[in-house]
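These notes concern the structure reproduced below.
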Protein chains: 2
Amino acid sequence: MQFTSERRLDDGVLEREFILDEIPGILWTPASASAPVPLILLGHPGGLSRMYPRLADRARHSAAEGFATATIELPGSGDRPRSEAAEQARADLRRALAAGEPVGDEIVDRLILPLVEQAVPEWRTTLDALLALPGIGGPVGYSGGVIAIGTRLAVVEPRISAAILFAGSFVPRAVFEEARQVTIPLHVLLQWDDEGNDRQAALDLFDAFGSEEKTLHANMGGHTGVPKFAGDAAAQFLTRHLK
Amino acid sequence: MQFTSERRLDDGVLEREFILDEIPGILWTPASASAPVPLILLGHPGGLSRMYPRLADRARHSAAEGFATATIELPGSGDRPRSEAAEQARADLRRALAAGEPVGDEIVDRLILPLVEQAVPEWRTTLDALLALPGIGGPVGYSGGVIAIGTRLAVVEPRISAAILFAGSFVPRAVFEEARQVTIPLHVLLQWDDEGNDRQAALDLFDAFGSEEKTLHANMGGHTGVPKFAGDAAAQFLTRHLK
């Protein structure tokens with residue numbers, strides 16, 4: 001992990017960009033901390049530059065609660081190399097949406113499964129590097145982004161002890177089976193009036209999760225309009241489990 | 001409204017039992033308050049004595065947040081006179097459940113609609129009396145109990161400015177139509193693994209509510225096992241809207 005830039009935000013939060021195995025990422029740490037702080041991995045739909053304002057906002061709120069946060073670019077997004085297969089799947093998806101056709105399982109599988117296969121090991125390698133830094137301890141939480149990635153991470157990465165999942169992206173059928181293996185506490189956010197999202201699939205996925213503690217928070221406001229109080233409640237969930 | 005008993009709970013909360021139009025009720029007010037406090041009407045499924053421990057617990061938490069709370073017995077419950085039709089509907093319901101049969105709309109209508117018709121005016125009369133007391137001001141919230149009663153109150157009682165509804169009881173078809181007329185902020189609690197509850201009906205009802213701000217919190221723990229953090233989140237909702 002190589003740090004490429006470092007600056008203090010106006011609230012004192014330290015923001016450092018890094019590169020790890022050619023993947024760009026950002027690490028935010030609280031202005032001051034006397035002991036190693038817990039860590040939250042911030043998921044997102046891909047495109048760090050575009051997502052930066054919202055990610056930095058979540059990072060600053062988390063820092064105020066005493067958490068470090070970190071994120072990395074997704075495979076095929078931002079400046080990372082495109083995969084021909086993923087680009088083709090994305091084009092097929094756009095075509096189906098533009099034609100008002102249902103998005104078939106086959107397209108969803110081609111779009112999401114390779115992304116999960118590649119992104120999850122990258123997150124785990126990043127986690128290795130982050131937990132080796134002075135000032136960052138555990139426990140570790142995961143928050144947001146592509147729900148299939150968060151679900152896989154919750155299954156395979158034992159260092160993640162609680163996760164916020166955003167039920168707002170396509171879910172391959174295989175992920176419903178995987179969801180049954182999740183046992184960590186989950187806080188699932190669903191935008192009820194998200195017209196581009198399959199609400200029934202989100203509810204089915206929530207039902208499938210094997211966790212003894214799982215909570216669904218459904219709100220109004222459209223895909224990107226998660227209300228502030230819902231963000232606060234999600235943050236409280238992680239604080240409850242990571243502190 | 002005639003007070004029939006008065007005592008201080010160990011945290012200083014003043015608990016007063018009252019009778020209004022032959023209906024028994026309980027009023028809890030904070031240990032001390034310098035100005036008139038907002039009021040929360042506490043719904044329940046009927047049977048004040050049986051429900052007392054849980055109601056008093058909610059009342060004490062609300063008092064700590066600076067709220068008065070009050071509840072009244074439901075028609076046909078506790079010591080209040082039984083209606084033959086309601087008893088018949090309850091017997092028919094029990095028979096259907098015991099036989100493992102689906103509970104028909106007709107039984108639900110006979111069980112719930114007359115209850116709503118009688119209970120809602122009683123709550124409104126109680127509200128008149130409570131708001132006339134010194135030390136109790138507004139705004140007014142409603143919390144819990146039979147969801148058809150809470151829905152009707154949210155439609156017809158303009159003094160109620162936010163409501164917590166518990167999606168855990170039978171919903172007559174007519175209530176889905178009524179739900180579209182609700183416009184106040186709603187916080188709906190659903191116990192996801194409540195086996196005696198129709199989860200799909202609860203989700204359909206949530207969908208039907210006309211409120212611009214509506215939130216569904218689904219949790220595990222069975223019908224009576226609302227987790228403490230979910231109760232806290234519901235309390236935060238009322239604090240946000242009534243303070």
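The chains in the structure tokens are called A, B, ... from first to last as shown; in each chain the residues are counted from 1, and the ligands are counted from 1 in the order shown.
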Quiz prompt | For A:Gly135: contacts at 7 Å, only C-alpha atoms, fewer than 2 positions along chain excluded, given as an NGL selection string | solution = :A and (35-37 or 133 or 137)
Using N, CA and C atoms, can you export the residues from the last selection as a PDB file, in the first residue's frame?
ATOM      1  N   ALA A  35      -6.097   5.533  20.689  1.00  0.00           N
ATOM      2  CA  ALA A  35      -5.896   4.089  20.531  1.00  0.00           C
ATOM      3  C   ALA A  35      -6.299   3.709  19.106  1.00  0.00           C
ATOM      4  N   PRO A  36      -5.882   2.522  18.653  1.00  0.00           N
ATOM      5  CA  PRO A  36      -6.307   2.083  17.317  1.00  0.00           C
ATOM      6  C   PRO A  36      -7.827   2.122  17.190  1.00  0.00           C
ATOM      7  N   VAL A  37      -8.308   2.603  16.050  1.00  0.00           N
ATOM      8  CA  VAL A  37      -9.756   2.803  15.881  1.00  0.00           C
ATOM      9  C   VAL A  37     -10.343   1.680  15.023  1.00  0.00           C
ATOM     10  N   LEU A 133      -1.703  -1.075   9.312  1.00  0.00           N
ATOM     11  CA  LEU A 133      -1.310   0.315   9.565  1.00  0.00           C
ATOM     12  C   LEU A 133      -1.402   0.630  11.055  1.00  0.00           C
ATOM     13  N   GLY A 137      -7.282  -0.491  14.148  1.00  0.00           N
ATOM     14  CA  GLY A 137      -7.418  -1.791  14.791  1.00  0.00           C
ATOM     15  C   GLY A 137      -8.613  -2.516  14.221  1.00  0.00           C
TER      16      GLY A 137
END
Self-check item: Who sits within 12 Å of B:Arg58, only C-alpha atoms, same chain under 4 positions skipped, as a list in words
Solution: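 Counting only the stated atoms, we get Val13, Trp28, Ile40, Leu41, Leu42, Gly43, His44, Met51, Tyr52, Pro53, Arg54, Ser62, Ala63, Ala64, Glu65, Phe67, Ala68, Thr69, Ala70, Thr71, Ser143, Gly144, Lys228, Gly231, Asp232, Ala234 and Ala235 of chain B.
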Practice problem: Write out as a PyMOL selection string each polymer residue whose atoms come within 8 Å of stretch 121-131 of chain B, counting only C-alpha atoms; drop sequence neighbours fewer than 5 positions from it. | Solution: chain B and resi 1+20+72+136-138+157
Write a file of the selected residues as an mmCIF file, in the first residue's frame, keeping N, CA and C atoms.
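Below is the file part.cif, written as the result:
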data_model
loop_
_atom_site.group_PDB
_atom_site.id
_atom_site.type_symbol
_atom_site.label_atom_id
_atom_site.label_comp_id
_atom_site.auth_asym_id
_atom_site.auth_seq_id
_atom_site.Cartn_x
_atom_site.Cartn_y
_atom_site.Cartn_z
ATOM 1 N N MET B 1 -63.078 13.639 32.760
ATOM 2 C CA MET B 1 -61.948 12.781 33.127
ATOM 3 C C MET B 1 -61.738 12.842 34.632
ATOM 4 N N LEU B 20 -62.872 7.924 32.014
ATOM 5 C CA LEU B 20 -63.503 8.941 31.166
ATOM 6 C C LEU B 20 -64.630 8.252 30.406
ATOM 7 N N ILE B 72 -55.812 4.174 26.867
ATOM 8 C CA ILE B 72 -57.142 3.796 27.374
ATOM 9 C C ILE B 72 -57.412 2.338 27.000
ATOM 10 N N ILE B 136 -49.885 19.564 29.862
ATOM 11 C CA ILE B 136 -49.833 18.798 28.613
ATOM 12 C C ILE B 136 -50.200 19.708 27.453
ATOM 13 N N GLY B 137 -49.282 19.818 26.518
ATOM 14 C CA GLY B 137 -49.521 20.678 25.369
ATOM 15 C C GLY B 137 -49.602 19.815 24.129
ATOM 16 N N GLY B 138 -48.927 20.206 23.101
ATOM 17 C CA GLY B 138 -48.815 19.416 21.890
ATOM 18 C C GLY B 138 -47.377 19.478 21.480
ATOM 19 N N GLU B 157 -57.793 12.467 12.718
ATOM 20 C CA GLU B 157 -57.474 13.313 13.872
ATOM 21 C C GLU B 157 -56.312 14.251 13.531
#
Self-check item: Residue list for chain A near chain B as a list in words, 9 Å, only C-alpha atoms
Solution: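 Selected residues: Trp192, Asp207, Glu212, Glu213, Lys214, Thr215, Leu216, His217, Ala218, Asn219, Met220, Gly221, Phe229, Ala230, Ala233 and Phe237 of chain A.
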Prev. selection, C-alpha atoms, output as a CSV table (one decimal), in the first residue's frame:
chain,number,residue,atom,x,y,z
A,192,TRP,CA,-39.1,1.8,-1.3
A,207,ASP,CA,-35.7,-12.9,3.8
A,212,GLU,CA,-30.1,-13.9,13.6
A,213,GLU,CA,-30.0,-10.1,13.8
A,214,LYS,CA,-31.1,-8.5,10.6
A,215,THR,CA,-33.0,-5.3,10.1
A,216,LEU,CA,-34.6,-3.8,7.0
A,217,HIS,CA,-35.1,0.0,6.8
A,218,ALA,CA,-37.3,1.0,3.9
A,219,ASN,CA,-37.6,4.7,3.1
A,220,MET,CA,-39.0,7.0,0.5
A,221,GLY,CA,-36.8,9.4,-1.6
A,229,PHE,CA,-32.3,10.1,9.5
A,230,ALA,CA,-31.9,6.7,7.7
A,233,ALA,CA,-29.8,5.1,11.9
A,237,PHE,CA,-26.1,0.3,13.8
Practice problem: Find the residues around A:Gly168 up to 8 Å (only C-alpha atoms counted), leave out those fewer than 2 positions away in its own chain, and share them as a PyMOL selection string. | Solution: chain A and resi 146-147+166+170+190-191+194+197-198+202+223
Exercise. Any chance you could list, as a ChimeraX atom specification, the residues in stretch 52-210 of chain A that come up helix (DSSP H, G or I) when DSSP is run on the backbone?
Key: /A:52-64,84-98,105-131,147-156,173-179,199-208
Quiz item: Leaving out stretch 78-80 of chain B and any residue of its chain fewer than 6 positions from it, which residues lie within 8 Å of it when counting only C-alpha atoms, given as a PyMOL selection string?
Solution: chain B and resi 23+46-49
Written file, previous selection with N, CA and C atoms, as a compact mmCIF listing (two decimals), in the first residue's frame:
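Contents of result.txt, freshly written:
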# COMPACT_ATOMS: atom_id res chain seq x y z
N ILE B 23 -64.59 4.62 30.59
CA ILE B 23 -63.43 3.94 30.00
C ILE B 23 -62.22 4.17 30.90
N GLY B 46 -55.30 -4.39 23.53
CA GLY B 46 -56.45 -4.61 24.40
C GLY B 46 -56.05 -5.41 25.63
N GLY B 47 -56.59 -5.02 26.79
CA GLY B 47 -56.23 -5.69 28.03
C GLY B 47 -55.18 -4.89 28.78
N LEU B 48 -55.60 -3.79 29.38
CA LEU B 48 -54.65 -2.88 30.03
C LEU B 48 -53.82 -3.55 31.12
N SER B 49 -54.45 -4.40 31.94
CA SER B 49 -53.71 -5.02 33.05
C SER B 49 -52.59 -5.90 32.51
Exercise. Quick one: everything within 10 Å of B:Ala91, counting only C-alpha atoms, minus sequence neighbours fewer than 5 positions away in the same chain. Send it as a ChimeraX atom specification.
Key: /B:85-86,96-97,107,111
Exercise. Pull the strand (DSSP E) assignments for stretch 130-190 of chain A out of DSSP run on the backbone, and list those residues as a ChimeraX atom specification.
Key: /A:136-144,160-166,186-190
Any chance you could export the current selection's N, CA and C atoms as a short mmCIF file (atom, residue, chain, number, x, y, z; two decimals), in the first residue's frame?
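Full text of again.cif as output:
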data_model
loop_
_atom_site.label_atom_id
_atom_site.label_comp_id
_atom_site.auth_asym_id
_atom_site.auth_seq_id
_atom_site.Cartn_x
_atom_site.Cartn_y
_atom_site.Cartn_z
N ILE A 136 -4.97 1.82 13.17
CA ILE A 136 -6.20 1.16 12.76
C ILE A 136 -6.25 -0.23 13.37
N GLY A 137 -7.28 -0.49 14.15
CA GLY A 137 -7.42 -1.79 14.79
C GLY A 137 -8.61 -2.52 14.22
N GLY A 138 -9.42 -3.01 15.04
CA GLY A 138 -10.69 -3.62 14.64
C GLY A 138 -11.70 -3.18 15.65
N PRO A 139 -12.89 -3.69 15.65
CA PRO A 139 -13.44 -4.56 14.62
C PRO A 139 -13.69 -3.83 13.31
N VAL A 140 -14.13 -4.59 12.31
CA VAL A 140 -14.33 -4.06 10.97
C VAL A 140 -15.79 -4.17 10.56
N GLY A 141 -16.31 -3.09 9.99
CA GLY A 141 -17.65 -3.12 9.42
C GLY A 141 -17.59 -2.87 7.94
N TYR A 142 -18.66 -3.22 7.25
CA TYR A 142 -18.77 -2.95 5.81
C TYR A 142 -20.06 -2.17 5.60
N SER A 143 -20.02 -1.24 4.63
CA SER A 143 -21.20 -0.39 4.45
C SER A 143 -21.44 -0.04 2.99
N GLY A 144 -22.59 -0.47 2.46
CA GLY A 144 -23.08 0.03 1.18
C GLY A 144 -22.51 -0.61 -0.06
N ILE A 160 -14.95 -9.16 9.17
CA ILE A 160 -16.08 -8.21 9.10
C ILE A 160 -17.15 -8.68 10.09
N SER A 161 -17.47 -7.83 11.06
CA SER A 161 -18.37 -8.29 12.11
C SER A 161 -19.77 -7.70 12.05
N ALA A 162 -20.01 -6.77 11.15
CA ALA A 162 -21.37 -6.25 10.95
C ALA A 162 -21.38 -5.52 9.60
N ALA A 163 -22.53 -5.54 8.92
CA ALA A 163 -22.58 -4.92 7.59
C ALA A 163 -23.88 -4.18 7.35
N ILE A 164 -23.73 -3.01 6.73
CA ILE A 164 -24.87 -2.28 6.17
C ILE A 164 -24.90 -2.62 4.68
N LEU A 165 -26.03 -3.11 4.21
CA LEU A 165 -26.16 -3.44 2.79
C LEU A 165 -27.23 -2.56 2.17
N PHE A 166 -26.95 -2.06 0.97
CA PHE A 166 -27.90 -1.21 0.27
C PHE A 166 -28.58 -2.03 -0.82
N LEU A 186 -26.87 -7.64 10.29
CA LEU A 186 -27.05 -6.89 9.04
C LEU A 186 -28.04 -5.76 9.23
N HIS A 187 -27.77 -4.67 8.56
CA HIS A 187 -28.69 -3.53 8.50
C HIS A 187 -28.89 -3.25 7.01
N VAL A 188 -30.08 -3.56 6.51
CA VAL A 188 -30.32 -3.48 5.07
C VAL A 188 -31.17 -2.23 4.77
N LEU A 189 -30.67 -1.41 3.87
CA LEU A 189 -31.39 -0.20 3.45
C LEU A 189 -32.07 -0.45 2.11
N LEU A 190 -33.34 -0.10 2.05
CA LEU A 190 -34.10 -0.24 0.80
C LEU A 190 -34.83 1.07 0.53
#
